[in-house]
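These notes are about the structure you will find just below.
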Amino acid sequence: MRRVFVTWPLPSASLDRLAAVCQVISNPREEILARADLIRGAAGAFALVTTLRDVVDAAVLDATGVKLVANVAVGFDNIDVDAARKRKVLVTNTPGVLTETTADLAFALMLATLRRVAEGDRLVRAGAFHGWHPGLMLGRDLHGKTLGVVGLGRIGRAVARRARGFSMRVLYHGGRPEDIGLEPRSLPELLAESDIVSLHVPLTPATRGLIGAEELGRMKRHAVLINTARGDVVDTEALVAALERGHLGGAGLDVFEGSPERPDPRLFAMEHVVMTPHVGSATVETRRAMAEKAVDNVLAAAQGQRPPDLVGG
Ligand code: GLV
């Protein structure tokens with residue numbers, strides 16, 4: 001039986017399916033493994049099932065000799081795909097199953113930021129709500145606004161579909177222009193025209209720091225930036241500066257720069273910033289579906305078939 005090392009305890013139904021075909025060794029604890037423990041556990045295994053917190057670089061590939069890395073995430077910036085390709089190691093991800101869930105969270109952040117949902121919750125909990133009055137916590141409408149989707153992939157399109165239900169005009173930059181009614185723009189045009197800019201690009205060398213001081217400066221005053229993609233797509237220093245000088249109306253951030261991600265503490269005092277702890281795909285249903293997809297990929301490879309979700313060619 002081929003050995004599979006799993007770095008995070010998957011739901012038991014998925015582990016059982018894997019165990020029917022492979023010898024499975026799993027980290028039993030819901031804790032990200034230290035690099036040394038990951039290498040020790042995966043050494044000599046056929047496949048390594050990873051979370052997006054597990055860094056799989058050339059040294060890990062060489063030290064373990066795995067033939068497949070199945071990431072339980074759609075993003076795979078934690079894996080050196082070039083190094084894997086050179087070593088003929090297959091890499092897979094979990095596209096599709098988390099699309100709608102992540103798009104839901106992007107919308108939750110838009111609504112929370114524009115309608116001051118988290119701020120209102122804090123006010124009520126602080127005992128500071130003493131009855132309705134007409135000037136209390138005025139926010140901004142989401143419906144009818146112009147949304148700029150940066151990266152029209154699966155998740156970007158799911159966000160665009162939701163936007164139609166909110167009677168929004170949708171601009172997009174990058175991605176597959178198969179949707180009727182969405183308007184293509186260069187990035188500078190999109191930034192200048194949108195009331196809300198929502199990021200849906202993967203983290204690659206080309207998208208690292210994609211939204212910096214110049215890009216934020218192009219955004220409308222009072223526009224809102226939503227990031228459910230990867231923190232490193234945005235230059236945090238530039239974002240904090242734009243928020244501090246009141247250039248932006250706010251930001252809804254599910255992801256943060258760094259690995260592990262570390263929200264900039266200057267954001268904590270900003271009422272017009274809504275932050276969630278990288279929970280774009282974090283629902284019970286979607287986590288199950290992601291685990292199933294990762295298992296499908298390992299099982300295919302273990303049975304000599306092409307895994308359905310190969311990345312990087
Ligand atoms: C989550 O961020 C993912 O890439 O699946």
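Ligands are numbered from 1 in the order shown, residues from 1 within each chain, and chains are lettered A, B, ... in the order they appear in the structure tokens.
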
Just want the residues within 6 Å of ligand 1, written as an MDAnalysis selection string, counting only C-alpha atoms and all ligand atoms. chainID A and resid 73:75

For Thr51 (chain A), list every protein, DNA or RNA residue within 8 Å, evaluated using only C-alpha atoms, and leave out those in the same chain fewer than 3 positions away; present the list as a ChimeraX atom specification. /A:7-8,54,71-73

Could you tell me which of A:Leu114, A:Ile211, A:Val284, A:Ala291 comes closest to Gly252 (chain A) if we count only C-alpha atoms?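 The shortest atom-to-atom distance to Gly252 (chain A) comes from A:Leu114.
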
Atom pair CA of Val149 (chain A) / CA of Thr113 (chain A): separation (Å): 16.8 Å

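Interatomic distance, CA of Glu292 (chain A) to CA of Val97 (chain A): 9.7 Å.
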
For Thr286 (chain A), which of A:Gly156, A:Leu98, A:Trp132, A:Gly41 is the closest residue, counting only C-alpha atoms?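 Looking at the shortest contact to Thr286 (chain A), the residue is A:Leu98.
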
Quick one: residues within 12 Å of Ala269 (chain A), only C-alpha atoms, excluding same-chain residues fewer than 6 positions away - as a ChimeraX atom specification? /A:119,240,243-244,263,275

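We find CA of Gly181 (chain A) and CA of Lys145 (chain A) to be spaced 15.0 Å apart.
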
When you look at Asp16 (chain A) with a cut-off of 12 Å (counting only C-alpha atoms), what residues show up, excluding the ones that are within fewer than 5 positions of it in the same chain? I need them as a list in words. Pro9, Leu10, Pro11, Val21, Cys22, Gln23, Val24, Ile25, Ser26, Ala291, Glu292, Val295 and Leu299 of chain A

Where in region 1-241 of chain A does DSSP assign strand (DSSP E), given as a VMD selection string? chain A and resid 2 to 6 22 to 26 47 to 50 68 to 71 90 to 92 146 to 152 169 to 175 183 to 184 196 to 199 224 to 227
